[in-house]
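Below: one structure, written as C-alpha cells.
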Amino acid sequence: MSTTHYFTVSQINSYIKELFEIDFVLQDLWIEGEVSNFSRSAAGHAYFTLKDEAASIRCVMWRSSAARQGYLPSNGEAILAHGRISIYEVQGAYQLYVDALQPAGLGILYLQFEALKKRLEAEGLFAPERKRSLPPFPRCLGVVTSPTGAAIRDILHVLGRRYPLVEVILSPTLVQGDKAPLQIVAALEALNEHIDAEAIIVARGGGSLEELWAFNDERVARAISSSRLPVITGVGHETDFTIADFVADVRAPTPSAAAEIAVPDQAELGGTLDFRRNRLIALMGRQIAERRSALESQERALGRLSPQAKIISHRQRIDELTRAASASLAHQLALQQERLRGHLLRLQSLSPFATLDRGYSITRQLRTGEIVKSVAQVAAGDRIETQVSDGKFEGTVDWTAQGQENQE
Amino acid sequence: MNELETLSFEQAFKELEDTVQRLEGGGLTLDESIALFERGMKLAQHCGQKLDDAELKVSQLMPSDEGGYQTVPFEEKGAS
C-alpha cells in the first residue's frame with residue numbers, strides 16, 4: 001500500500017452527516033435542557049444553546065417552525081425540544097434542528113400523553129370498528145362529571161332544551177387533581193353496574209392542560225374503553241384532545257356539544273311528528289279516493305248492464321200506445337157527437353110542433369085526447385083542447401060543417 | 001286507550017313510523033287502513049303530548065350504607 005487514502009474536509013463532513021441521518025434515534029428525538037444564548041436572525045430563524053449541568057448542544061429553529069410555534073423560550077428557561085441532529089457542514093459542527101418545543105413541565109406531560117396514545121392505539125383501543133353507535137332516543141343518560149362544575153350545568157341546560165324526555169343520572173366525581181382518575185373510573189363503573197342507562201357522558205369544562213390531565217390517565221382510558229354503555233366525551237374546549245376522547249365511542253368538543261350529540265332535538269322531532277301525521281292523513285285520503293273512484297267505475301259498469309234502459313224504452317212504448325188509443329177514442333166520440341147533433345137538427349125540423357110557430361094548431365078531443373083531423377070526429381057540445389105554439393086552451397064545439405069554404 | 005299510555009316516546013314514535021310505512025305499502029283492506037290510520041293519529045298525539053309534557057328529571061348516584069348505590073334527586077348548587 002504505497003498510496004495513503006485521504007478525504008477532503010467536505011467529503012468527511014458529508015460522510016459524517018450521512019451517518020447521522022441514517023440513525024433513527026438522532027432523526028426523531030426530544031431533548032430536555034436549559035436555554036441560553038437565545039437569538040433571532042433578521043430572517044426570523046432562532047438560534048440557541050441547550051445545556052444541562054455538564055454539557056451543551058447548539059440548536060437552530062427555522063423561521064417556518066418558529067412561526068408554527070405559539071411559544072418561544074427565553075434564556076434560562078427549561079424546555080423540551082423536538083427535532084433531528086445533523087451536521088452543519090460549513091463549521092463541521094453538529095446541532096439540533098428543532099421543529100417543536102415546549103416548556104419542560106408541560107413537555108413531559110406531552111411526552112407521556114404521546115407515549116400512552118401510541119400504546120393504546122397499538123392495542124387497537126381507538127379503532128373505528130370499536131366505536132359503538134349511540135341510542136337515537138335514550139330514555140336514560142348517565143353523566144360522569146363534577147356536581148358543582150360548569151359542565152353539568154351546561155349539559156342539563158342542553159338536555160332540558162333539546163330532549164326533556166330523557167332521565168339524567170349524575171355519577172359525581174372530581175374532575176381534576178390526583179384523586180380524579182380513580183374517582184372517574186369508579187363513577188363510570190357505578191353507572192355501568194347499577195344503572196339502566198343507555199349511554200354515558202364523561203365531561204369537564206375548559207381548563208389548563210394540567211386541569212384536564214385526569215382525562216389523559218390510562219386507568220380512565222381503559223375504564224371508558226371497557227364501559228358496557230357507549231361513552232361520549234366532552235372535555236375542555238374544542239382544541240383540547242385527551243386520551244379519553246380517543247377511546248370514547250364519540251368525542252364531542254365541549255360538554256354542551258356532548259349533550260347535543262346524546263339526544264335528538266325535540267323541535268326536529270315535532271317536525272317529524274307533523275310530517276308523519278300529515279302523511280297519514282294524505283295516505284288515508286288517497287285510499288278513500290282510490291276506492292271511491294273504483295266504486296264509481298263499478299257503478300257505471302252496472303249502469304250499462306242494467307235493465308233500466310229496457311224498462312224505460314218499454315214504458316215509453318206503452319205511453320205512445322196509450323196516447324194513440326185515447327186520441328183515437330176522442331176522435332170517435334167527437335164524430336158520434338157530430339152525427340147525433342145532425343140527427344137532432346133533422347128531428348127538430350120534422351117535429352109537428354115546429355108548424356105551430358107558423359100559426360097552425362092541434363086540436364084534441366078532450367075526453368079521448370084524440371087529434372081532430374076531421375069534422376066527423378066531433379059533434380056539437382064536445383069539449384076540445386087546442387094547442388098553439390106557446391100553450392093551450394079549452395073550448396066547446398058549437399056546430400060542425402063539412403067542406404072547405406070559409407064561413408066569412 | 002290505556003295501552004297507548006304505557007308506550008314510551010320512542011316506542012310510539014317508532015310504531016308511528018311503521019304505521020306510516022304500512023299504509024304507504026298498500027295492499028290493505030279499507031277496514032285495516034282505517035284501523036291503522038286511527039292508531040297512527042293516536043300515536044302521533046301521544047308523542048306530541050309526551051314532548052309537550054316532558055320535564056327533565058335529574059338524579060344523582062350516592063353510595064348507600066349497604067355498599068351499593070342509591071339515587072337521590074340532584075339539585076344544582078352554586079348556579080352562577
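Residues are referred to by chain and number: the chain letter is A, B, ... according to the order shown in the C-alpha cells, the number counts from 1 in that chain, and ligands are numbered separately from 1 in the order shown.
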
From the DSSP assignment of the backbone, select every residue of chain B that is alpha helix (DSSP H), and format the answer as an NGL selection string.
:B and (2-5 or 9-25 or 30-53)

Just the selected residues (N, CA and C atoms), exported as a compact mmCIF listing (two decimals), in the first residue's frame, please.
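File again.txt, as written:
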```txt
# COMPACT_ATOMS: atom_id res chain seq x y z
N ASN B 2 -105.72 2.77 27.26
CA ASN B 2 -104.73 2.65 28.33
C ASN B 2 -103.40 2.12 27.83
N GLU B 3 -103.50 1.16 26.90
CA GLU B 3 -102.30 0.51 26.38
C GLU B 3 -101.35 1.55 25.77
N LEU B 4 -101.93 2.55 25.09
CA LEU B 4 -101.13 3.59 24.45
C LEU B 4 -100.36 4.39 25.50
N GLU B 5 -101.01 4.64 26.62
CA GLU B 5 -100.40 5.47 27.66
C GLU B 5 -99.11 4.86 28.19
N PHE B 9 -92.04 7.41 24.53
CA PHE B 9 -91.99 8.24 23.32
C PHE B 9 -91.36 7.45 22.18
N GLU B 10 -90.25 6.82 22.47
CA GLU B 10 -89.52 6.13 21.42
C GLU B 10 -90.36 5.02 20.80
N GLN B 11 -91.03 4.23 21.65
CA GLN B 11 -91.87 3.14 21.13
C GLN B 11 -92.98 3.68 20.24
N ALA B 12 -93.64 4.73 20.76
CA ALA B 12 -94.76 5.29 19.99
C ALA B 12 -94.26 5.91 18.69
N PHE B 13 -93.12 6.57 18.76
CA PHE B 13 -92.55 7.23 17.58
C PHE B 13 -92.20 6.19 16.51
N LYS B 14 -91.62 5.08 16.98
CA LYS B 14 -91.23 4.00 16.06
C LYS B 14 -92.49 3.36 15.46
N GLU B 15 -93.47 3.10 16.32
CA GLU B 15 -94.70 2.47 15.81
C GLU B 15 -95.39 3.37 14.80
N LEU B 16 -95.33 4.67 15.06
CA LEU B 16 -95.93 5.62 14.12
C LEU B 16 -95.22 5.52 12.76
N GLU B 17 -93.90 5.43 12.82
CA GLU B 17 -93.13 5.29 11.58
C GLU B 17 -93.55 4.02 10.83
N ASP B 18 -93.66 2.91 11.57
CA ASP B 18 -94.07 1.64 10.96
C ASP B 18 -95.48 1.76 10.37
N THR B 19 -96.35 2.45 11.11
CA THR B 19 -97.73 2.58 10.65
C THR B 19 -97.79 3.33 9.33
N VAL B 20 -97.01 4.42 9.26
CA VAL B 20 -96.98 5.19 8.00
C VAL B 20 -96.46 4.30 6.87
N GLN B 21 -95.42 3.52 7.18
CA GLN B 21 -94.86 2.66 6.14
C GLN B 21 -95.85 1.61 5.67
N ARG B 22 -96.60 1.05 6.62
CA ARG B 22 -97.58 0.02 6.23
C ARG B 22 -98.66 0.62 5.35
N LEU B 23 -99.10 1.82 5.72
CA LEU B 23 -100.12 2.49 4.90
C LEU B 23 -99.55 2.81 3.52
N GLU B 24 -98.28 3.19 3.50
CA GLU B 24 -97.64 3.50 2.21
C GLU B 24 -97.53 2.25 1.36
N GLY B 25 -97.29 1.12 2.03
CA GLY B 25 -97.11 -0.14 1.31
C GLY B 25 -98.35 -0.56 0.56
N LEU B 30 -109.90 -1.78 3.37
CA LEU B 30 -110.28 -0.44 3.84
C LEU B 30 -110.36 -0.43 5.37
N ASP B 31 -110.93 -1.50 5.93
CA ASP B 31 -111.04 -1.56 7.39
C ASP B 31 -109.66 -1.53 8.05
N GLU B 32 -108.73 -2.27 7.47
CA GLU B 32 -107.37 -2.28 8.01
C GLU B 32 -106.74 -0.89 7.91
N SER B 33 -106.94 -0.27 6.76
CA SER B 33 -106.39 1.08 6.57
C SER B 33 -106.94 2.03 7.61
N ILE B 34 -108.23 1.97 7.82
CA ILE B 34 -108.86 2.90 8.77
C ILE B 34 -108.34 2.63 10.18
N ALA B 35 -108.22 1.34 10.51
CA ALA B 35 -107.72 1.00 11.85
C ALA B 35 -106.29 1.52 12.02
N LEU B 36 -105.46 1.34 10.98
CA LEU B 36 -104.07 1.83 11.05
C LEU B 36 -104.04 3.35 11.16
N PHE B 37 -104.88 3.98 10.37
CA PHE B 37 -104.93 5.44 10.38
C PHE B 37 -105.30 5.96 11.77
N GLU B 38 -106.32 5.36 12.35
CA GLU B 38 -106.75 5.83 13.68
C GLU B 38 -105.66 5.59 14.71
N ARG B 39 -105.02 4.43 14.61
CA ARG B 39 -103.93 4.11 15.52
C ARG B 39 -102.79 5.14 15.34
N GLY B 40 -102.47 5.41 14.10
CA GLY B 40 -101.38 6.35 13.80
C GLY B 40 -101.67 7.73 14.36
N MET B 41 -102.89 8.20 14.20
CA MET B 41 -103.22 9.53 14.70
C MET B 41 -103.11 9.55 16.22
N LYS B 42 -103.52 8.47 16.85
CA LYS B 42 -103.42 8.42 18.32
C LYS B 42 -101.95 8.40 18.75
N LEU B 43 -101.14 7.64 18.01
CA LEU B 43 -99.71 7.58 18.33
C LEU B 43 -99.08 8.97 18.20
N ALA B 44 -99.43 9.67 17.11
CA ALA B 44 -98.86 11.00 16.88
C ALA B 44 -99.25 11.93 18.02
N GLN B 45 -100.50 11.81 18.44
CA GLN B 45 -100.96 12.68 19.52
C GLN B 45 -100.24 12.35 20.84
N HIS B 46 -100.07 11.04 21.04
CA HIS B 46 -99.38 10.60 22.25
C HIS B 46 -97.95 11.14 22.28
N CYS B 47 -97.27 11.03 21.14
CA CYS B 47 -95.88 11.52 21.04
C CYS B 47 -95.83 13.02 21.31
N GLY B 48 -96.74 13.75 20.66
CA GLY B 48 -96.76 15.20 20.83
C GLY B 48 -96.98 15.57 22.28
N GLN B 49 -97.91 14.82 22.93
CA GLN B 49 -98.21 15.06 24.33
C GLN B 49 -96.97 14.83 25.20
N LYS B 50 -96.28 13.72 24.88
CA LYS B 50 -95.08 13.39 25.66
C LYS B 50 -94.06 14.52 25.55
N LEU B 51 -93.87 15.02 24.34
CA LEU B 51 -92.91 16.11 24.15
C LEU B 51 -93.35 17.35 24.92
N ASP B 52 -94.65 17.64 24.83
CA ASP B 52 -95.15 18.85 25.48
C ASP B 52 -95.02 18.77 27.00
N ASP B 53 -95.27 17.56 27.52
CA ASP B 53 -95.33 17.42 28.98
C ASP B 53 -93.97 17.19 29.63
```

I'd like the contact shell of range 59-64 of chain A - 6 Å cut-off, only C-alpha atoms, skipping same-chain residues fewer than 3 positions apart - returned as a PDB file with N, CA and C atoms, in the first residue's frame.
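Below is the file selection_32.pdb, written as the result:
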```
ATOM      1  N   GLY A  44     -35.589  35.628  10.775  1.00  0.00           N
ATOM      2  CA  GLY A  44     -36.634  35.014  11.598  1.00  0.00           C
ATOM      3  C   GLY A  44     -36.233  33.664  12.164  1.00  0.00           C
ATOM      4  N   HIS A  45     -35.068  33.142  11.816  1.00  0.00           N
ATOM      5  CA  HIS A  45     -34.646  31.870  12.390  1.00  0.00           C
ATOM      6  C   HIS A  45     -34.202  32.088  13.837  1.00  0.00           C
ATOM      7  N   ALA A  46     -34.372  31.065  14.690  1.00  0.00           N
ATOM      8  CA  ALA A  46     -33.987  31.188  16.105  1.00  0.00           C
ATOM      9  C   ALA A  46     -32.776  30.305  16.364  1.00  0.00           C
ATOM     10  N   TYR A  47     -31.810  30.870  17.056  1.00  0.00           N
ATOM     11  CA  TYR A  47     -30.596  30.116  17.415  1.00  0.00           C
ATOM     12  C   TYR A  47     -30.442  30.144  18.926  1.00  0.00           C
ATOM     13  N   PHE A  48     -30.121  28.985  19.517  1.00  0.00           N
ATOM     14  CA  PHE A  48     -29.883  28.965  20.964  1.00  0.00           C
ATOM     15  C   PHE A  48     -29.060  27.735  21.329  1.00  0.00           C
ATOM     16  N   THR A  49     -28.674  27.710  22.575  1.00  0.00           N
ATOM     17  CA  THR A  49     -27.929  26.551  23.076  1.00  0.00           C
ATOM     18  C   THR A  49     -28.766  25.904  24.170  1.00  0.00           C
ATOM     19  N   ALA A  67     -42.530  29.920  13.416  1.00  0.00           N
ATOM     20  CA  ALA A  67     -43.815  30.570  13.167  1.00  0.00           C
ATOM     21  C   ALA A  67     -44.973  29.669  13.601  1.00  0.00           C
ATOM     22  N   GLN A  95     -25.600  19.954  15.248  1.00  0.00           N
ATOM     23  CA  GLN A  95     -26.578  20.753  16.003  1.00  0.00           C
ATOM     24  C   GLN A  95     -27.966  20.137  15.899  1.00  0.00           C
ATOM     25  N   LEU A  96     -28.825  20.585  16.829  1.00  0.00           N
ATOM     26  CA  LEU A  96     -30.216  20.103  16.845  1.00  0.00           C
ATOM     27  C   LEU A  96     -31.048  21.039  15.976  1.00  0.00           C
ATOM     28  N   TYR A  97     -31.688  20.466  14.968  1.00  0.00           N
ATOM     29  CA  TYR A  97     -32.616  21.233  14.128  1.00  0.00           C
ATOM     30  C   TYR A  97     -34.009  21.066  14.748  1.00  0.00           C
ATOM     31  N   VAL A  98     -34.431  22.097  15.458  1.00  0.00           N
ATOM     32  CA  VAL A  98     -35.644  21.998  16.283  1.00  0.00           C
ATOM     33  C   VAL A  98     -36.883  22.262  15.422  1.00  0.00           C
TER      34      VAL A  98
END
```

Mind listing as a ChimeraX atom specification which residues of chain A are within 9 Å of chain B, counting only C-alpha atoms?
/A:136-139,147-150,152-153,156,159-161,163-172,187,190-191,194,266,269-270,273-274,276-277,279-281,283-284,287-288,291

Considering only C-alpha atoms, return as a PyMOL selection string whatever protein or nucleic-acid residues lie within 10 Å of Ala214 in chain A, sequence-local ones (same chain, fewer than 4 positions apart) excluded.
chain A and resi 174-184+209-210+218-221+242-244

Pull C-alpha atoms from the residues just selected and write them as a PDB file, in the first residue's frame.
```pdb
ATOM      1  CA  LEU A 174     -63.747  15.039  40.999  1.00  0.00           C
ATOM      2  CA  VAL A 175     -62.543  16.041  37.565  1.00  0.00           C
ATOM      3  CA  GLN A 176     -59.072  17.331  38.389  1.00  0.00           C
ATOM      4  CA  GLY A 177     -56.260  16.514  40.740  1.00  0.00           C
ATOM      5  CA  ASP A 178     -54.545  13.282  41.755  1.00  0.00           C
ATOM      6  CA  LYS A 179     -57.713  11.664  43.064  1.00  0.00           C
ATOM      7  CA  ALA A 180     -59.714  12.423  39.959  1.00  0.00           C
ATOM      8  CA  PRO A 181     -58.722   9.449  37.755  1.00  0.00           C
ATOM      9  CA  LEU A 182     -59.771   6.791  40.264  1.00  0.00           C
ATOM     10  CA  GLN A 183     -62.996   8.657  41.033  1.00  0.00           C
ATOM     11  CA  ILE A 184     -63.823   8.936  37.365  1.00  0.00           C
ATOM     12  CA  LEU A 209     -53.633  21.188  30.345  1.00  0.00           C
ATOM     13  CA  GLU A 210     -52.887  20.161  33.934  1.00  0.00           C
ATOM     14  CA  GLU A 218     -54.541   5.334  31.396  1.00  0.00           C
ATOM     15  CA  ARG A 219     -56.975   4.000  34.025  1.00  0.00           C
ATOM     16  CA  VAL A 220     -59.649   6.420  32.844  1.00  0.00           C
ATOM     17  CA  ALA A 221     -58.954   5.494  29.241  1.00  0.00           C
ATOM     18  CA  THR A 242     -57.499  13.926  25.580  1.00  0.00           C
ATOM     19  CA  ILE A 243     -56.812  10.207  25.595  1.00  0.00           C
ATOM     20  CA  ALA A 244     -60.355   9.796  26.887  1.00  0.00           C
TER      21      ALA A 244
END
```

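The space between CA of Tyr71 in chain A and CA of Gly205 in chain A spans 24.1 Å.
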